[in-house]
Structure formats: C-alpha cells, structure tokens
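**Q** Quick one: the structure is below, and I'll ask about it shortly.
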Amino acid sequence: MSTATVTGSKVVSMAEAVSRVQPGMTVMIGGFMGCGNPHGLVEALCVAGLTDLTLIATDTSRAGFGIAKLVEQRRLRKLYASHVGLNPAVAAQLNAGELEVELVPQGTLAERIRAGGAGLGGVLTPTGLGTPVADGKPVIEVDGRRFLLEKPLRADVALIAGSTIDRLGNVWYRGTTRNFNTVMATAADLVIAEAEHLVEVGAIAPENVVTPGVLVDLIVEGDELA
Amino acid sequence: MTAPTSAVSHASLDRAQVREIIARRVARELKDGDFVNLGIGLPTEVPQYLPDGVQVVLESENGIVYAGSCTTEHISPYVVDAGGQPASCLVGGAFIDSATSFGLIRGGHMDATVLGALQVDAAGNLASWIIPGKLMPGMGGAMDLVVGAKRVVVAMEHTQKGSPKILAACTLPLTAVACVDLIVTEMAVIRVTPSGLLLTEINPAFTVDEVRSATGAELAVAELVVPML
C-alpha cells in the first residue's frame, strides 16, 4: 500500500501557532469541562496576551482549569457557550458589562457548528421553542411540526486537542476528549490541533482516524496529561 | 380517626431521606434495557435503587454510551461525565462526539431522562435553567434532553423552602414547553395529563390536603391513590 504524500510540514511551535491568532478574532476551542481542551494552546494564547476574542466553546470549564483561564485573564469580548455555571468569572464579567454571553443549548451548539462546517444554511431544531432561546429566530413548520431555525457558526480559528495525531493531521481521540473537537475541526478557516502524542503517518490505522488530516492546518506538540 | 403510627411530619424528613424517597420512586419508572440520561444531582442517585433484574444504559451527554462510575484508582483525565467528574465507560459501551450524542438525545433514541427543576406547571412546562438577575448557569444539554427523550421525569423536592414549585403556570423562563410526563417529589407522584395534573401516588406520611396545599396548581386526585413507597 502506498503512503500519502506529505508536502511541507504542518508541525509548528506553540508560539508560531498562536501568532496566527489576532486580537478580535473568533476562536472555537474543543473540550468539555476542560476534558479535551488543547491545554498548551490555551496557555500559549494567554502568554501571547491576545484580547478582544470571541470564544465559541460548550462551557468555560471550572476555575483555573483549561479555557477558564481565557475568561479569568479577561481575553474575551463575547462568548458563545451552553454552560458557564462552574466558572464564577463569567457571571462577574457579565454583570459588570465586560463580557457579552450568548447561551446556546448544547445540542444546538454542536449542530450550528456542524452546519458551519458542512456548508449548510442552518439547522431546524425543536430545541428552544417557547423559550428565550427562540427570541428573534424564525419558526419554520415542516410536515406539521414546528422547528427553530438556528444559523451556522464558524470561526476564524479552531483550536482542537487530539490524543494521537500523525504528521498529516489525522486525529484519534482517547475517552471522552472528542466531544466538540470533531465538529470544530470542520468549521474554522484555520484549524490548529494540539497532539498529546505526535506520530508518523501510518501509525493510526485509517479506520481509527476520527478527524481526517485534510481538516487540520497546523499541528503543535502538547504535554501528556497522564 | 388517629394518624397512622408510621406517619412522619414533613419537618422530620431530613434532606437525605427526601432524596432517597424521590430516587427510590424514580428508579421504579425505568425499565430493563432503557437508554437513559440522568441530570446532575439527585437523579444520579437513581441507579442504586433500580429493582433486581433491571439494568439501564446510561448516557453521559458529553460522549459516553453505557457510562459507569469510577473508582479512585481508575480516575483518568480522559474520561469524565456530564458534570465534568471522573467516569468510566462500561465494556460494551462507546465514546461518541457531541453532535452524535445530541443526535441520540434529540432524535428520539432515548427512552427517558430524569432531571431536577425550579418550576413545573400544569401544562407540563418546565423551568430549570435560569433565575433572571440571580442565577444564569446556562441550559447545558437540558433543553435538548427534555425535547428529545421519550419520557421526561422531573425529580425534585415538592417545595422550595415551603413555596410551591409546582404551579398553574411557570413564572421563570422555560426550558421547554409541555415536555414533562411525570413529577416525583418526596410527597407524591403526579402525572401531567392533557387535562392537567393528576395525583396518582402519595407518601403515606402526608395527606392529600397537605399535598394540595404544597402545590400551586389545581390537582386532580386519581380514583385510586396508592402509596408511592
């Protein structure tokens, strides 16, 4: 069997990777309560001093862990998330008028991102009908059932985390770390993947690749979690 | 007429007893093989009271089908449950991504979800995610779960410090409209029917009148009200 051709290296340093993120950009970051966050990239974003970011993530983790730091260090202007309850900094900045928060039902967030990455004009979901989530959104009837039209979400940059990533960017995820990483890898202009283990092409069997390398633009090497 | 000797006043039920009464009764709602999502808090106590021979498949909406608990020596930073706590995936289970997980939830593949509530009303409307100006944790996966699961069971204390949580109409912003099938509290089991709320089971420690006075909605009483315990 032939090996896929590698043209140029996607592997860059943390500093080089985050230099592609500019103040004011919209950034998606994978993970769920810190599990599956690209911890090294988040740290590097903080060190780089980037501000005024719009963050799309399912939650803001718990104080001091993973992407919670981006809130705590006041790097965000706007946040899209489904749950912010375990990071007190969000409520504090929201109440002080320093942070704009759009709460999105978790399944709707996944589908809006998927739509953004799959070339769809949005999704029709029954979730949120009759609640504040529906405010200002069109309700569309299909075969007698009512749905809310939710628009796609895309980002300038997606930061994702993979347990094993080969030099082409093919990703395998351990445990529950895949969560939002898989959809986010499809829905940004630039996708940066943090590898816990960087391996040679061919080390991940094709049937075990969850995110295909064609979606990944840059790869950084992160630390092992355990 | 004398009160039954087993009677305990509401005030004498401590928090642990209240939780056990609710969790035990909810456990009897689940059937062998059901695919179930349990909300954080009280609902997670339900599995320990499942009747013999009943096994359910638990989902953790962050990405586990056949979720299990986790012993101290098996804690892994790679496997957490929907509360972000260490968890496990049982042999025969699967790890899935969030879009797949919520496809299972929204797509009618889930037999039941059990969750807490701030308010439930006579139309089965549920409010569980926000107290404007006070508490705004976010809805997480709750809005998808109550819209998508085949049965929605609310497991909660009957009142909040004495004020009814079961109301004629919710006053807080809703999680979803007309989604609740059954309400289980420490006082009673109440079904949501097209004509309103129906008391079907009662904790023998309480009278129907006591349940009614702790409920902020009209409560019809089934012809045969059986003990919930």
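Each chain in the structure tokens gets a letter, A, B, ..., in the order shown, and its residues are numbered from 1; ligands are numbered from 1 in order too.
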For chain A, list the residues within 8 Å of chain B, counting only C-alpha atoms, and write the list as a VMD selection string.

**A** chain A and resid 32 to 36 58 81 to 86 91 103 to 108 110 to 111 114 126 to 132 174 to 183 225 to 226

**Q** Kindly save the residues from that selection, with C-alpha atoms included, as an mmCIF file, in the first residue's frame.

**A**
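And here is the file that came out, out.cif:
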data_model
loop_
_atom_site.group_PDB
_atom_site.id
_atom_site.type_symbol
_atom_site.label_atom_id
_atom_site.label_comp_id
_atom_site.auth_asym_id
_atom_site.auth_seq_id
_atom_site.Cartn_x
_atom_site.Cartn_y
_atom_site.Cartn_z
ATOM 1 C CA PHE A 32 -15.932 19.670 27.834
ATOM 2 C CA MET A 33 -15.274 20.943 31.354
ATOM 3 C CA GLY A 34 -11.588 21.043 30.436
ATOM 4 C CA CYS A 35 -11.527 17.418 29.216
ATOM 5 C CA GLY A 36 -10.304 17.608 25.635
ATOM 6 C CA THR A 58 -19.545 24.424 25.083
ATOM 7 C CA ALA A 81 -21.485 28.601 25.412
ATOM 8 C CA SER A 82 -24.097 26.204 26.766
ATOM 9 C CA HIS A 83 -22.926 26.236 30.378
ATOM 10 C CA VAL A 84 -20.944 28.796 32.356
ATOM 11 C CA GLY A 85 -22.096 27.932 35.883
ATOM 12 C CA LEU A 86 -18.849 26.470 37.197
ATOM 13 C CA ALA A 91 -21.050 35.883 35.843
ATOM 14 C CA LEU A 103 -26.178 30.888 25.871
ATOM 15 C CA VAL A 104 -26.801 28.156 23.307
ATOM 16 C CA PRO A 105 -28.342 24.740 24.087
ATOM 17 C CA GLN A 106 -25.549 22.190 23.910
ATOM 18 C CA GLY A 107 -27.041 20.117 21.126
ATOM 19 C CA THR A 108 -27.894 23.241 19.162
ATOM 20 C CA ALA A 110 -22.992 21.195 18.162
ATOM 21 C CA GLU A 111 -25.379 21.358 15.201
ATOM 22 C CA ARG A 114 -21.622 21.210 12.233
ATOM 23 C CA PRO A 126 -37.305 21.698 18.113
ATOM 24 C CA THR A 127 -34.937 22.602 20.959
ATOM 25 C CA GLY A 128 -35.601 26.044 22.409
ATOM 26 C CA LEU A 129 -39.126 26.569 21.041
ATOM 27 C CA GLY A 130 -41.176 28.597 23.522
ATOM 28 C CA THR A 131 -38.089 29.644 25.482
ATOM 29 C CA PRO A 132 -35.856 32.742 25.473
ATOM 30 C CA ARG A 174 -8.959 8.993 23.791
ATOM 31 C CA GLY A 175 -12.015 8.596 26.041
ATOM 32 C CA THR A 176 -14.445 11.493 26.133
ATOM 33 C CA THR A 177 -11.963 14.005 24.706
ATOM 34 C CA ARG A 178 -13.531 14.060 21.251
ATOM 35 C CA ASN A 179 -16.683 15.954 22.360
ATOM 36 C CA PHE A 180 -16.737 19.243 20.357
ATOM 37 C CA ASN A 181 -13.275 18.785 18.827
ATOM 38 C CA THR A 182 -14.620 16.819 15.875
ATOM 39 C CA VAL A 183 -17.217 19.353 14.705
ATOM 40 C CA LEU A 225 -1.959 14.575 30.581
ATOM 41 C CA ALA A 226 -1.277 11.331 32.424
#

**Q** Using only C-alpha atoms, which residue out of A:Gly169, A:Lys137, A:Leu215, A:Ala44 lies closest to Ser9 (chain A)?

**A** A:Gly169

**Q** Can you list, as a PyMOL selection string, all residues belonging to region 9-200 of chain A that DSSP tags as helix (DSSP H, G or I)?

**A** chain A and resi 14-18+39-47+68-72+88-95+106-117+132-134+175-177+181-184

**Q** Keeping only C-alpha atoms, take the residues you just selected and write them out as a compact mmCIF listing (two decimals), in the first residue's frame.

**A**
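out_31.txt written:
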# COMPACT_ATOMS: atom_id res chain seq x y z
CA MET A 14 3.16 26.76 20.08
CA ALA A 15 4.33 30.35 19.66
CA GLU A 16 4.17 30.11 15.87
CA ALA A 17 0.70 28.59 16.04
CA VAL A 18 -0.80 31.24 18.28
CA HIS A 39 -4.29 22.98 27.23
CA GLY A 40 -0.95 24.01 25.71
CA LEU A 41 -2.57 26.24 23.08
CA VAL A 42 -4.80 27.91 25.69
CA GLU A 43 -1.74 28.61 27.81
CA ALA A 44 0.11 30.00 24.77
CA LEU A 45 -2.86 32.24 23.90
CA CYS A 46 -2.73 33.64 27.42
CA VAL A 47 1.03 34.20 27.23
CA ALA A 68 -11.38 29.03 32.18
CA LYS A 69 -8.12 30.99 32.08
CA LEU A 70 -9.20 32.93 28.99
CA VAL A 71 -12.15 34.30 30.96
CA GLU A 72 -10.18 34.84 34.15
CA PRO A 88 -17.63 32.36 38.54
CA ALA A 89 -15.57 34.81 36.43
CA VAL A 90 -18.19 34.63 33.67
CA ALA A 91 -21.05 35.88 35.84
CA ALA A 92 -18.82 38.57 37.36
CA GLN A 93 -17.76 39.95 33.96
CA LEU A 94 -21.26 39.60 32.55
CA ASN A 95 -22.76 41.55 35.44
CA GLN A 106 -25.55 22.19 23.91
CA GLY A 107 -27.04 20.12 21.13
CA THR A 108 -27.89 23.24 19.16
CA LEU A 109 -24.33 24.48 19.57
CA ALA A 110 -22.99 21.19 18.16
CA GLU A 111 -25.38 21.36 15.20
CA ARG A 112 -24.74 25.06 14.47
CA ILE A 113 -21.03 24.32 14.31
CA ARG A 114 -21.62 21.21 12.23
CA ALA A 115 -23.76 23.27 9.84
CA GLY A 116 -20.98 25.85 9.66
CA GLY A 117 -18.51 23.19 8.66
CA PRO A 132 -35.86 32.74 25.47
CA VAL A 133 -33.56 30.86 23.05
CA ALA A 134 -36.21 31.35 20.35
CA GLY A 175 -12.02 8.60 26.04
CA THR A 176 -14.45 11.49 26.13
CA THR A 177 -11.96 14.00 24.71
CA ASN A 181 -13.28 18.78 18.83
CA THR A 182 -14.62 16.82 15.88
CA VAL A 183 -17.22 19.35 14.71
CA MET A 184 -14.97 22.33 15.41

**Q** Taking 4 positions as the minimum chain separation for residues in the same chain, which residues sit within 8 Å of Ile204 (chain A) when counting only C-alpha atoms? Answer as a PyMOL selection string.

**A** chain A and resi 164-166+170+172+208-209

**Q** Would you export the selected residues with C-alpha atoms as an mmCIF file, in the first residue's frame, please?

**A**
data_model
loop_
_atom_site.group_PDB
_atom_site.id
_atom_site.type_symbol
_atom_site.label_atom_id
_atom_site.label_comp_id
_atom_site.auth_asym_id
_atom_site.auth_seq_id
_atom_site.Cartn_x
_atom_site.Cartn_y
_atom_site.Cartn_z
ATOM 1 C CA THR A 164 -2.712 10.814 18.919
ATOM 2 C CA ILE A 165 -2.119 12.885 15.790
ATOM 3 C CA ASP A 166 0.046 11.948 12.831
ATOM 4 C CA ASN A 170 -5.148 12.648 11.263
ATOM 5 C CA TRP A 172 -7.550 9.824 17.219
ATOM 6 C CA ASN A 208 -9.308 4.634 13.608
ATOM 7 C CA VAL A 209 -8.940 8.171 12.257
#

**Q** Could you pull the residues within 12 Å of Thr193 (chain B), counting only C-alpha atoms, minus those fewer than 6 positions along the same chain, as a ChimeraX atom specification?

**A** /B:121-125,178-183,199-200,219-222

**Q** Just want the 8 Å neighbourhood of Leu149 (chain A), counted on only C-alpha atoms, with same-chain residues fewer than 2 positions away dropped. Output as a ChimeraX atom specification.

**A** /A:122-125,137-140,147,151

**Q** Between CA of Arg167 (chain A) and CA of Gly222 (chain A), what distance in Å does the model show, to one decimal?

**A**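 Atom-to-atom, CA of Arg167 (chain A) and CA of Gly222 (chain A) are spaced 13.9 Å apart.
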